$ cat my_file.csv   # CSV, C-alpha atoms and all ligand atoms
chain,number,residue,atom,x,y,z
A,1,MET,CA,-10.6,-54.6,35.8
A,2,ALA,CA,-10.9,-58.4,36.4
A,3,ASN,CA,-7.8,-60.2,37.4
A,4,SER,CA,-6.5,-62.7,34.9
A,5,LYS,CA,-3.3,-64.7,34.2
A,6,TYR,CA,-2.5,-62.1,31.6
A,7,GLU,CA,-2.4,-59.2,33.9
A,8,TYR,CA,1.3,-59.5,34.6
A,9,VAL,CA,1.9,-57.6,31.3
A,10,LYS,CA,0.8,-54.4,33.1
A,11,ALA,CA,4.0,-54.6,35.2
A,12,PHE,CA,6.0,-53.8,32.1
A,13,GLU,CA,4.5,-50.3,32.0
A,14,ARG,CA,6.7,-47.4,33.1
A,15,GLU,CA,5.6,-44.1,34.4
A,16,ASN,CA,7.5,-40.8,34.7
A,17,HIS,CA,6.2,-38.8,37.5
A,18,LEU,CA,7.3,-35.2,36.9
A,19,LEU,CA,9.5,-33.8,39.7
A,20,PRO,CA,7.5,-32.4,42.6
A,21,ASP,CA,7.6,-28.7,43.6
A,22,CYS,CA,8.6,-27.6,40.1
A,23,TYR,CA,6.8,-25.7,37.5
A,24,ILE,CA,5.6,-27.8,34.6
A,25,LEU,CA,5.7,-26.4,31.1
A,26,VAL,CA,3.7,-28.2,28.4
A,27,ARG,CA,4.4,-27.1,24.9
A,28,VAL,CA,2.3,-28.2,22.0
A,29,ASP,CA,3.2,-27.7,18.3
A,30,GLY,CA,1.2,-28.4,15.2
A,31,LYS,CA,2.5,-31.2,13.0
A,32,GLY,CA,3.4,-30.1,9.5
A,33,PHE,CA,1.6,-26.8,9.8
A,34,HIS,CA,3.6,-25.3,7.0
A,35,LYS,CA,1.8,-27.7,4.7
A,36,PHE,CA,-1.5,-27.4,6.7
A,37,SER,CA,-1.4,-23.6,6.2
A,38,GLN,CA,-1.1,-24.1,2.4
A,39,GLU,CA,-3.8,-26.7,2.2
A,40,TYR,CA,-6.3,-24.3,4.0
A,41,GLY,CA,-5.2,-21.2,2.2
A,42,PHE,CA,-3.8,-19.2,5.2
A,43,GLU,CA,-2.9,-15.6,4.5
A,44,LYS,CA,0.9,-15.1,4.6
A,45,PRO,CA,2.8,-14.3,6.6
A,46,ASN,CA,0.1,-14.2,9.2
A,47,ASP,CA,-3.5,-15.5,9.0
A,48,LEU,CA,-5.4,-13.7,11.8
A,49,GLY,CA,-8.3,-16.1,11.7
A,50,ALA,CA,-6.0,-19.1,12.1
A,51,LEU,CA,-4.3,-17.3,15.1
A,52,MET,CA,-7.8,-16.8,16.6
A,53,VAL,CA,-8.5,-20.5,16.2
A,54,MET,CA,-5.2,-21.3,18.1
A,55,ASN,CA,-6.0,-18.7,20.8
A,56,GLN,CA,-9.5,-20.0,21.3
A,57,THR,CA,-8.3,-23.6,21.4
A,58,ALA,CA,-5.7,-22.7,24.0
A,59,THR,CA,-8.3,-20.9,26.0
A,60,ARG,CA,-10.4,-24.1,26.1
A,61,LEU,CA,-7.4,-25.9,27.7
A,62,VAL,CA,-6.8,-23.1,30.2
A,63,GLU,CA,-10.5,-23.3,31.1
A,64,ALA,CA,-10.3,-27.1,31.4
A,65,PHE,CA,-7.3,-27.1,33.8
A,66,PRO,CA,-7.4,-24.5,36.6
A,67,ASP,CA,-3.8,-25.5,37.4
A,68,ILE,CA,-2.7,-23.6,34.3
A,69,LEU,CA,-1.4,-20.2,35.4
A,70,MET,CA,-0.7,-18.8,32.0
A,71,ALA,CA,-0.2,-19.8,28.4
A,72,TYR,CA,1.8,-18.3,25.5
A,73,GLY,CA,1.6,-19.0,21.8
A,74,ASP,CA,2.3,-18.0,18.3
A,75,LEU,CA,1.6,-19.6,14.9
A,76,ASP,CA,1.1,-23.3,15.5
A,77,GLU,CA,2.5,-23.6,19.0
A,78,TYR,CA,1.4,-23.0,22.6
A,79,SER,CA,3.1,-23.3,26.0
A,80,PHE,CA,1.1,-23.9,29.1
A,81,LEU,CA,2.6,-23.1,32.6
A,82,LEU,CA,1.2,-25.3,35.3
A,83,ARG,CA,1.6,-24.3,38.9
A,84,LYS,CA,4.3,-26.0,41.1
A,85,GLU,CA,1.7,-27.7,43.3
A,86,CYS,CA,-0.2,-29.2,40.3
A,87,ALA,CA,-1.2,-32.7,41.1
A,88,LEU,CA,-3.1,-33.4,37.9
A,89,TYR,CA,-3.0,-37.1,37.0
A,90,GLU,CA,-0.4,-37.5,39.9
A,91,ARG,CA,2.0,-35.5,37.6
A,92,ARG,CA,2.2,-38.5,35.3
A,93,GLU,CA,4.0,-37.2,32.2
A,94,MET,CA,2.4,-39.5,29.7
A,95,LYS,CA,-1.1,-38.7,30.8
A,96,LEU,CA,-0.4,-35.0,30.7
A,97,ILE,CA,1.2,-34.8,27.3
A,98,THR,CA,-1.1,-37.2,25.5
A,99,LEU,CA,-4.2,-35.4,26.9
A,100,PHE,CA,-2.9,-31.9,26.1
A,101,GLY,CA,-2.0,-33.1,22.5
A,102,SER,CA,-5.4,-34.7,21.9
A,103,MET,CA,-7.3,-31.8,23.5
A,104,MET,CA,-5.5,-29.4,21.2
A,105,SER,CA,-6.5,-31.4,18.1
A,106,THR,CA,-10.1,-31.9,19.0
A,107,HIS,CA,-10.8,-28.3,20.2
A,108,TYR,CA,-8.9,-27.0,17.2
A,109,ILE,CA,-11.3,-28.7,14.9
A,110,MET,CA,-14.3,-27.3,16.9
A,111,GLU,CA,-12.9,-23.8,17.0
A,112,TRP,CA,-11.9,-23.9,13.3
A,113,ASN,CA,-15.3,-24.9,12.2
A,114,LYS,CA,-16.8,-22.0,14.2
A,115,GLN,CA,-14.2,-19.5,12.7
A,116,PHE,CA,-14.3,-20.9,9.1
A,117,PRO,CA,-17.7,-22.5,8.5
A,118,GLU,CA,-17.1,-22.1,4.8
A,119,LYS,CA,-14.0,-24.3,4.8
A,120,PRO,CA,-14.5,-27.0,7.3
A,121,ILE,CA,-11.6,-29.3,8.3
A,122,ARG,CA,-11.3,-32.3,6.0
A,123,GLN,CA,-10.5,-35.8,7.3
A,124,SER,CA,-7.7,-36.0,4.7
A,125,LYS,CA,-5.9,-33.0,6.4
A,126,LEU,CA,-6.4,-33.0,10.1
A,127,PRO,CA,-4.8,-30.7,12.7
A,128,ILE,CA,-2.6,-32.8,15.0
A,129,PHE,CA,-0.3,-31.7,17.7
A,130,ASP,CA,2.8,-33.1,19.4
A,131,ALA,CA,3.3,-32.3,23.1
A,132,ARG,CA,6.1,-32.3,25.6
A,133,ALA,CA,6.5,-31.5,29.2
A,134,VAL,CA,9.5,-29.9,30.9
A,135,VAL,CA,9.9,-29.2,34.6
A,136,TYR,CA,11.6,-26.1,35.9
A,137,PRO,CA,12.5,-25.6,39.5
A,138,LEU,CA,12.9,-21.8,39.5
A,139,LEU,CA,10.9,-18.8,38.4
A,140,LYS,CA,14.0,-17.6,36.6
A,141,HIS,CA,13.8,-20.6,34.3
A,142,VAL,CA,10.2,-20.0,33.7
A,143,ARG,CA,10.8,-16.4,32.8
A,144,ASP,CA,13.7,-17.3,30.6
A,145,TYR,CA,11.6,-20.0,28.9
A,146,PHE,CA,8.9,-17.5,28.0
A,147,SER,CA,11.5,-15.0,26.9
A,148,TRP,CA,13.0,-17.6,24.6
A,149,ARG,CA,9.6,-18.3,23.0
A,150,GLN,CA,8.8,-14.7,22.6
A,151,VAL,CA,12.2,-13.9,21.0
A,152,ASP,CA,11.6,-16.9,18.7
A,153,CYS,CA,8.2,-15.4,17.7
A,154,HIS,CA,9.9,-12.1,17.0
A,155,ILE,CA,12.7,-13.6,14.9
A,156,ASN,CA,10.3,-15.8,12.9
A,157,ASN,CA,7.8,-13.0,12.3
A,158,LEU,CA,10.4,-10.5,11.1
A,159,TYR,CA,11.8,-13.1,8.8
A,160,ASN,CA,8.4,-14.1,7.5
A,161,THR,CA,7.3,-10.5,7.1
A,162,VAL,CA,10.2,-9.6,4.8
A,163,PHE,CA,10.1,-13.0,3.0
A,164,TRP,CA,6.5,-12.5,2.1
A,165,ALA,CA,7.0,-8.9,1.1
A,166,LEU,CA,9.7,-9.9,-1.3
A,167,VAL,CA,7.5,-12.7,-2.7
A,168,SER,CA,4.1,-11.0,-2.9
A,169,LYS,CA,5.1,-7.4,-3.4
A,170,GLY,CA,8.6,-7.7,-4.8
A,171,ASN,CA,7.7,-10.5,-7.2
A,172,MET,CA,10.6,-12.7,-6.2
A,173,THR,CA,10.4,-16.4,-6.3
A,174,PRO,CA,10.5,-18.0,-2.8
A,175,LYS,CA,13.9,-19.4,-3.6
A,176,ASP,CA,15.3,-15.9,-4.5
A,177,ALA,CA,13.7,-14.4,-1.5
A,178,GLU,CA,15.3,-17.0,0.7
A,179,ASN,CA,18.7,-16.4,-0.9
A,180,ARG,CA,18.3,-12.6,-0.5
A,181,LEU,CA,17.8,-13.1,3.2
A,182,ILE,CA,20.7,-15.4,3.9
A,183,GLY,CA,23.1,-13.7,6.3
A,184,THR,CA,20.9,-10.6,6.9
A,185,LEU,CA,20.7,-9.2,10.4
A,186,ALA,CA,17.5,-7.8,11.9
A,187,SER,CA,18.6,-4.3,11.0
A,188,ASP,CA,19.0,-5.3,7.3
A,189,LYS,CA,15.5,-6.9,7.3
A,190,ASN,CA,14.0,-3.7,8.8
A,191,GLU,CA,15.8,-1.7,6.1
A,192,ILE,CA,14.5,-3.9,3.3
A,193,LEU,CA,11.0,-3.6,4.6
A,194,TYR,CA,11.3,0.2,4.9
A,195,SER,CA,13.2,1.2,1.8
A,196,GLN,CA,11.6,-1.3,-0.6
A,197,PHE,CA,8.1,-1.6,0.7
A,198,GLN,CA,7.6,1.4,2.9
A,199,ILE,CA,6.7,-0.9,5.8
A,200,ASN,CA,7.7,0.1,9.3
A,201,TYR,CA,8.0,-3.1,11.2
A,202,ASN,CA,7.3,-1.4,14.5
A,203,ASN,CA,3.8,-0.6,13.1
A,204,GLU,CA,3.0,-4.3,12.4
A,205,PRO,CA,0.1,-5.7,14.7
A,206,GLU,CA,1.2,-6.6,18.2
A,207,ILE,CA,-0.4,-10.1,17.9
A,208,PHE,CA,2.1,-10.9,15.1
A,209,LYS,CA,5.2,-9.3,16.7
A,210,LYS,CA,4.6,-10.5,20.3
A,211,GLY,CA,2.4,-13.5,20.1
A,212,THR,CA,-0.5,-14.1,22.5
A,213,VAL,CA,-0.5,-14.6,26.3
A,214,LEU,CA,-3.4,-16.0,28.2
A,215,ILE,CA,-3.4,-15.3,31.9
A,216,ARG,CA,-5.7,-16.6,34.6
A,217,GLU,CA,-6.1,-13.3,36.4
A,218,TYR,CA,-6.9,-12.9,40.1
A,219,GLN,CA,-8.3,-9.8,41.8
A,220,ASP,CA,-7.7,-10.7,45.4
A,221,HIS,CA,-4.6,-12.8,45.3
A,222,THR,CA,-2.8,-13.9,48.5
A,223,SER,CA,0.4,-15.6,47.7
A,224,THR,CA,1.3,-18.9,49.4
A,225,ASP,CA,4.5,-20.8,48.8
A,226,HIS,CA,4.7,-24.6,48.5
A,227,HIS,CA,5.4,-25.0,52.2
A,228,GLN,CA,2.5,-22.8,53.2
A,229,GLN,CA,0.3,-24.7,50.7
A,230,GLN,CA,1.0,-28.0,52.5
A,231,GLN,CA,-0.1,-26.4,55.8
A,232,LEU,CA,-3.4,-25.3,54.4
A,233,SER,CA,-6.5,-27.0,55.8
A,234,LYS,CA,-8.8,-28.8,53.4
A,235,THR,CA,-11.4,-26.0,53.5
A,236,GLN,CA,-8.7,-23.5,52.8
A,237,LEU,CA,-7.5,-25.6,49.8
A,238,GLU,CA,-11.0,-25.8,48.5
A,239,LYS,CA,-11.4,-22.1,48.8
A,240,GLU,CA,-8.2,-21.6,46.8
A,241,LYS,CA,-9.4,-24.0,44.2
A,242,LYS,CA,-12.7,-22.1,43.9
A,243,LYS,CA,-10.8,-18.9,43.4
A,244,ARG,CA,-8.8,-20.5,40.6
A,245,ASN,CA,-11.9,-21.7,39.0
A,246,LYS,CA,-13.5,-18.3,39.2
A,247,ALA,CA,-10.5,-16.3,37.9
A,248,LYS,CA,-11.0,-14.7,34.5
A,249,ILE,CA,-8.9,-15.7,31.6
A,250,VAL,CA,-7.5,-12.7,29.8
A,251,MET,CA,-5.7,-12.4,26.5
A,252,TYR,CA,-2.8,-10.0,25.8
A,253,HIS,CA,-0.2,-9.3,23.1
A,254,ILE,CA,2.5,-7.9,25.3
A,255,ASP,CA,6.1,-8.1,26.3
A,256,LEU,CA,6.9,-11.0,28.6
A,257,ILE,CA,10.6,-10.3,28.8
A,258,LYS,CA,10.7,-7.2,30.9
A,259,ASP,CA,10.3,-7.3,34.7
A,260,GLU,CA,7.1,-5.3,34.5
A,261,PHE,CA,5.1,-8.2,33.3
A,262,TRP,CA,6.1,-10.5,36.2
A,263,ASP,CA,6.3,-7.8,38.9
A,264,SER,CA,2.7,-6.7,38.3
A,265,ARG,CA,1.4,-10.3,38.4
A,266,PRO,CA,2.6,-12.0,41.7
A,267,PHE,CA,0.0,-14.7,41.2
A,268,LEU,CA,2.1,-16.2,38.4
A,269,CYS,CA,5.0,-16.9,40.7
B,1,LIG,P1,-9.2,-43.1,32.8
B,1,LIG,O1,-9.2,-41.6,32.5
B,1,LIG,O2,-8.3,-43.4,34.0
B,1,LIG,O3,-8.8,-43.9,31.6
B,1,LIG,P2,-11.8,-44.2,32.4
B,1,LIG,O4,-13.1,-43.8,33.0
B,1,LIG,O5,-11.7,-43.8,31.0
B,1,LIG,O6,-10.7,-43.5,33.3
B,1,LIG,P3,-11.0,-46.9,31.7
B,1,LIG,O7,-10.3,-47.9,32.5
B,1,LIG,O8,-10.3,-46.4,30.5
B,1,LIG,O9,-11.6,-45.7,32.6
B,1,LIG,O10,-12.4,-47.6,31.2
B,1,LIG,C1,-13.2,-47.0,30.2
B,1,LIG,C2,-14.6,-47.2,30.6
B,1,LIG,O11,-15.4,-46.5,29.6
B,1,LIG,C3,-15.1,-48.6,30.6
B,1,LIG,O12,-14.9,-49.2,31.8
B,1,LIG,C4,-16.6,-48.4,30.4
B,1,LIG,O13,-17.3,-48.1,31.5
B,1,LIG,C5,-16.6,-47.2,29.5
B,1,LIG,N1,-16.8,-47.5,28.1
B,1,LIG,C6,-15.9,-47.2,27.1
B,1,LIG,N2,-16.4,-47.6,25.9
B,1,LIG,C7,-17.6,-48.1,26.1
B,1,LIG,C8,-18.6,-48.7,25.3
B,1,LIG,N3,-18.4,-48.8,24.0
B,1,LIG,N4,-19.7,-49.2,25.9
B,1,LIG,C9,-19.9,-49.1,27.2
B,1,LIG,N5,-19.0,-48.6,28.0
B,1,LIG,C10,-17.9,-48.1,27.5
B,2,LIG,P1,6.7,-29.5,12.4
B,2,LIG,O1,5.8,-30.7,12.2
B,2,LIG,O2,8.2,-29.9,12.5
B,2,LIG,O3,6.3,-28.6,13.6
B,2,LIG,P2,5.8,-27.3,10.8
B,2,LIG,O4,5.5,-27.3,9.3
B,2,LIG,O5,4.5,-27.3,11.7
B,2,LIG,O6,6.6,-28.6,11.1
B,2,LIG,P3,6.8,-25.1,12.4
B,2,LIG,O7,8.2,-24.8,12.6
B,2,LIG,O8,6.0,-25.6,13.6
B,2,LIG,O9,6.8,-26.2,11.2
B,2,LIG,O10,6.1,-23.9,11.7
B,2,LIG,C1,4.8,-23.7,11.6
B,2,LIG,C2,4.4,-23.1,10.3
B,2,LIG,O11,3.0,-23.1,10.1
B,2,LIG,C3,4.9,-21.7,10.1
B,2,LIG,O12,6.1,-21.6,9.6
B,2,LIG,C4,3.9,-21.2,9.1
B,2,LIG,O13,4.3,-21.5,7.8
B,2,LIG,C5,2.6,-22.0,9.4
B,2,LIG,N1,1.6,-21.2,10.1
B,2,LIG,C6,1.1,-21.6,11.3
B,2,LIG,N2,0.1,-20.7,11.8
B,2,LIG,C7,0.1,-19.7,10.8
B,2,LIG,C8,-0.7,-18.5,10.7
B,2,LIG,N3,-1.6,-18.2,11.6
B,2,LIG,N4,-0.5,-17.8,9.6
B,2,LIG,C9,0.3,-18.2,8.6
B,2,LIG,N5,1.1,-19.3,8.7
B,2,LIG,C10,1.0,-20.1,9.8
B,3,MG,MG,-9.7,-47.7,29.0
B,4,MG,MG,8.6,-27.5,14.8
B,5,MG,MG,4.7,-27.2,13.8
B,6,MG,MG,5.7,-24.3,15.3
B,7,MG,MG,-10.0,-44.3,29.8
$ encode --input "my_file.csv" --output "C-alpha cells" --more "lines below"
Ligand code: ATP
Ligand code: ATP
Ligand code: MG
Ligand code: MG
Ligand code: MG
Ligand code: MG
Ligand code: MG
Amino acid sequence: MANSKYEYVKAFERENHLLPDCYILVRVDGKGFHKFSQEYGFEKPNDLGALMVMNQTATRLVEAFPDILMAYGDLDEYSFLLRKECALYERREMKLITLFGSMMSTHYIMEWNKQFPEKPIRQSKLPIFDARAVVYPLLKHVRDYFSWRQVDCHINNLYNTVFWALVSKGNMTPKDAENRLIGTLASDKNEILYSQFQINYNNEPEIFKKGTVLIREYQDHTSTDHHQQQQLSKTQLEKEKKKRNKAKIVMYHIDLIKDEFWDSRPFLC
C-alpha cells in the first residue's frame, strides 16, 4: 500500500497473538439456528440432512487447514482443534476467527444447496456463524473440552428427544412439554420415553447421541514434541507438512470421553 499522511490510523489497530505452544480451539456456532431450523422446516428433534450439511461444511474447513487435528460438532456448532505448533496467520486471533466464521457460512450455503436442491438458501434467511478461539496449554484441557461438548450434546439430545416425543406423539403443547420436563433428571426422561412412547433412548442413532468427530488420520505417525519440532530441518518439516496434507479425514460418531479414544490416536496429542 502506498504511504500517505493518513497511514498513522493503522497504528490504532490491536492484534491478539494467541499464546505460543498451546492448542488452539476454534468453536463456531450458528446464529439463531432455532429460528433457522423452523424457517427451513428441519425435522425435530434432529434433521439428519441438516447434520450432514454441517458435517460436510466442517470437512471443507478441515481440508482447507492441515493444522486442524480434529473437529467435533453437533446441531449448529463445531469445534476445531489446531495443533500446538500452528503458525496460521501468525496465530492472529482476529484473522483466525473471522476466517473460520466466514468459511463456515459460505461453505454451509454450498453444501446446503447440494443436499437440498429443492429448498435453496434464501437471501432473507442466511446461515451465519459466530466464532471464538481459546488456547489450552495441556492435553488434559483439550480432552476435558471435548468431553464438555459431548456431554452437552448428550444432555441437549435427551431433552430434545423427550420434548418432541411429548409434542408430536403425546399431543402436548410446547409450553406443557416444557413444564412437564422442569426438574426432571436423565433417568426420568428415559422413563418417560420408555413408558409413554416405547422409545429406548439407547437405541437412538449414534450421530444424534454422540455428535460427529472428524479426524485427520495418519497411518505412519511419528510423534514429535514442540522442542523436537523446532529442531527439525526444513526438508523434514516439509515432509511432515506433506504427510498432514495427505492424511485422510475420517468421520465417526463415537465416545470422546473415555481414554480409549485418545490412547489409540497418539497423533492427536
Ligand atoms: P490478505 O489475506 O492479507 O488480506 P490480500 O491478497 O487479500 O491478502 P489485500 O491487502 O487485502 O491483500 O488486498 C486485496 C487485493 O485484492 C488488492 O490489492 C487487489 O490486488 C485485489 N483486488 C480486490 N478487489 C479487486 C478489484 N475489484 N479489482 C482488482 N483487484 C482487486
Ligand atoms: P444462538 O444465536 O444464541 O446460538 P440458536 O437459536 O442458534 O441461538 P443454539 O443454542 O445454538 O441456539 O441451538 C441451536 C438450535 O438449532 C437447536 O436448539 C435446534 O433447535 C436447532 N438445530 C440446529 N441443527 C439442527 C438439526 N440438525 N436438527 C434439528 N434442529 C437443529
Ligand atoms: Mg484488502
Ligand atoms: Mg448458543
Ligand atoms: Mg446457535
Ligand atoms: Mg448451538
Ligand atoms: Mg484481503
$ closest_residue --input "my_file.csv" --among "A:Leu99, A:Leu25, A:Met172, A:Val250" --to "ligand MG 7 (chain B)" --atoms "only C-alpha atoms and all ligand atoms"
A:Leu99
$ residues_around --input "my_file.csv" --residues "Glu191 of chain A" --least-positions-apart "4" --cutoff "12 Å" --atoms "all atoms listed in the file" --output "list in words"
Leu158, Val162, Leu181, Thr184, Leu185, Ala186, Ser187, Ser195, Gln196, Phe197, Gln198, Ile199, Asn200, Tyr201 and Asn202 of chain A
$ write_last_selection --input "my_file.csv" --atoms "C-alpha atoms" --output "mmCIF file, in the coordinates of the input"
data_model
loop_
_atom_site.group_PDB
_atom_site.id
_atom_site.type_symbol
_atom_site.label_atom_id
_atom_site.label_comp_id
_atom_site.auth_asym_id
_atom_site.auth_seq_id
_atom_site.Cartn_x
_atom_site.Cartn_y
_atom_site.Cartn_z
ATOM 1 C CA LEU A 158 10.400 -10.500 11.100
ATOM 2 C CA VAL A 162 10.200 -9.600 4.800
ATOM 3 C CA LEU A 181 17.800 -13.100 3.200
ATOM 4 C CA THR A 184 20.900 -10.600 6.900
ATOM 5 C CA LEU A 185 20.700 -9.200 10.400
ATOM 6 C CA ALA A 186 17.500 -7.800 11.900
ATOM 7 C CA SER A 187 18.600 -4.300 11.000
ATOM 8 C CA SER A 195 13.200 1.200 1.800
ATOM 9 C CA GLN A 196 11.600 -1.300 -0.600
ATOM 10 C CA PHE A 197 8.100 -1.600 0.700
ATOM 11 C CA GLN A 198 7.600 1.400 2.900
ATOM 12 C CA ILE A 199 6.700 -0.900 5.800
ATOM 13 C CA ASN A 200 7.700 0.100 9.300
ATOM 14 C CA TYR A 201 8.000 -3.100 11.200
ATOM 15 C CA ASN A 202 7.300 -1.400 14.500
#
$ residues_near_ligand --input "my_file.csv" --ligand "ligand MG 5 (chain B)" --cutoff "7 Å" --atoms "all atoms listed in the file" --output "ChimeraX atom specification"
/A:29-33,76-77
$ closest_residue --input "my_file.csv" --among "A:Val9, A:Leu75, A:Leu96, A:Leu18" --to "ligand LIG 1 (chain B)" --atoms "only C-alpha atoms and all ligand atoms"
A:Leu96
$ residues_around --input "my_file.csv" --residues "Lys175 of chain A" --least-positions-apart "6" --cutoff "12 Å" --atoms "all atoms listed in the file" --output "PyMOL selection string"
chain A and resi 163-164+166-167+181-182
$ write_last_selection --input "my_file.csv" --atoms "C-alpha atoms" --output "mmCIF file, in the coordinates of the input"
data_model
loop_
_atom_site.group_PDB
_atom_site.id
_atom_site.type_symbol
_atom_site.label_atom_id
_atom_site.label_comp_id
_atom_site.auth_asym_id
_atom_site.auth_seq_id
_atom_site.Cartn_x
_atom_site.Cartn_y
_atom_site.Cartn_z
ATOM 1 C CA PHE A 163 10.100 -13.000 3.000
ATOM 2 C CA TRP A 164 6.500 -12.500 2.100
ATOM 3 C CA LEU A 166 9.700 -9.900 -1.300
ATOM 4 C CA VAL A 167 7.500 -12.700 -2.700
ATOM 5 C CA LEU A 181 17.800 -13.100 3.200
ATOM 6 C CA ILE A 182 20.700 -15.400 3.900
#
$ closest_residue --input "my_file.csv" --among "A:Lys234, A:Arg27, A:His34, A:Lys5" --to "ligand LIG 2 (chain B)" --atoms "only C-alpha atoms and all ligand atoms"
A:His34
$ residues_around --input "my_file.csv" --residues "Met94 of chain A" --least-positions-apart "3" --cutoff "8 Å" --atoms "all atoms listed in the file" --output "PyMOL selection string"
chain A and resi 15-16+97-98
$ atom_distance --input "my_file.csv" --atom1 "atom CA of Ala165 of chain A" --atom2 "atom CA of Gly49 of chain A"
20.0 Å
$ atom_distance --input "my_file.csv" --atom1 "atom CA of Lys169 of chain A" --atom2 "atom CA of Asp255 of chain A"
29.7 Å
$ residues_near_ligand --input "my_file.csv" --ligand "ligand LIG 2 (chain B)" --cutoff "10 Å" --atoms "only C-alpha atoms and all ligand atoms" --output "MDAnalysis selection string"
chainID A and resid 28:38 41:54 74:77 127:130 156:157 160 208
$ atom_distance --input "my_file.csv" --atom1 "atom CA of Asp21 of chain A" --atom2 "atom CA of Thr212 of chain A"
26.9 Å
$ closest_residue --input "my_file.csv" --among "A:Thr161, A:Ile109, A:Pro117, A:Trp148" --to "Glu204 of chain A" --atoms "only C-alpha atoms"
A:Thr161
$ residues_near_ligand --input "my_file.csv" --ligand "ligand LIG 1 (chain B)" --cutoff "12 Å" --atoms "all atoms listed in the file" --output "PDB file with C-alpha atoms, in the frame of the given file"
ATOM      1  CA  MET A   1     -10.600 -54.600  35.800  1.00  0.00           C
ATOM      2  CA  ALA A   2     -10.900 -58.400  36.400  1.00  0.00           C
ATOM      3  CA  LEU A  88      -3.100 -33.400  37.900  1.00  0.00           C
ATOM      4  CA  TYR A  89      -3.000 -37.100  37.000  1.00  0.00           C
ATOM      5  CA  GLU A  90      -0.400 -37.500  39.900  1.00  0.00           C
ATOM      6  CA  ARG A  92       2.200 -38.500  35.300  1.00  0.00           C
ATOM      7  CA  LYS A  95      -1.100 -38.700  30.800  1.00  0.00           C
ATOM      8  CA  LEU A  96      -0.400 -35.000  30.700  1.00  0.00           C
ATOM      9  CA  THR A  98      -1.100 -37.200  25.500  1.00  0.00           C
ATOM     10  CA  LEU A  99      -4.200 -35.400  26.900  1.00  0.00           C
TER      11      LEU A  99
END
$ residues_around --input "my_file.csv" --residues "Phe146 of chain A" --least-positions-apart "2" --cutoff "8 Å" --atoms "all atoms listed in the file" --output "PyMOL selection string"
chain A and resi 72+142-144+148-150+256-257
$ residues_around --input "my_file.csv" --residues "Leu139 of chain A" --least-positions-apart "6" --cutoff "10 Å" --atoms "only C-alpha atoms" --output "NGL selection string"
:A and (22-23 or 145 or 262 or 268-269)
$ write_last_selection --input "my_file.csv" --atoms "C-alpha atoms" --output "PDB file, keeping the file's coordinate frame"
ATOM      1  CA  CYS A  22       8.600 -27.600  40.100  1.00  0.00           C
ATOM      2  CA  TYR A  23       6.800 -25.700  37.500  1.00  0.00           C
ATOM      3  CA  TYR A 145      11.600 -20.000  28.900  1.00  0.00           C
ATOM      4  CA  TRP A 262       6.100 -10.500  36.200  1.00  0.00           C
ATOM      5  CA  LEU A 268       2.100 -16.200  38.400  1.00  0.00           C
ATOM      6  CA  CYS A 269       5.000 -16.900  40.700  1.00  0.00           C
TER       7      CYS A 269
END
$ residues_near_point --input "my_file.csv" --point "(-12.1, -23.8, 24.6)" --cutoff "10 Å" --atoms "all atoms listed in the file" --output "PyMOL selection string"
chain A and resi 53-64+103-104+107-108+110-111
$ closest_residue --input "my_file.csv" --among "A:Lys10, A:Tyr252, A:Asp152, A:Gln231" --to "ligand MG 4 (chain B)" --atoms "all atoms listed in the file"
A:Asp152
$ closest_residue --input "my_file.csv" --among "A:Ala131, A:Ile249, A:Leu138, A:Ile24" --to "ligand MG 4 (chain B)" --atoms "only C-alpha atoms and all ligand atoms"
A:Ala131
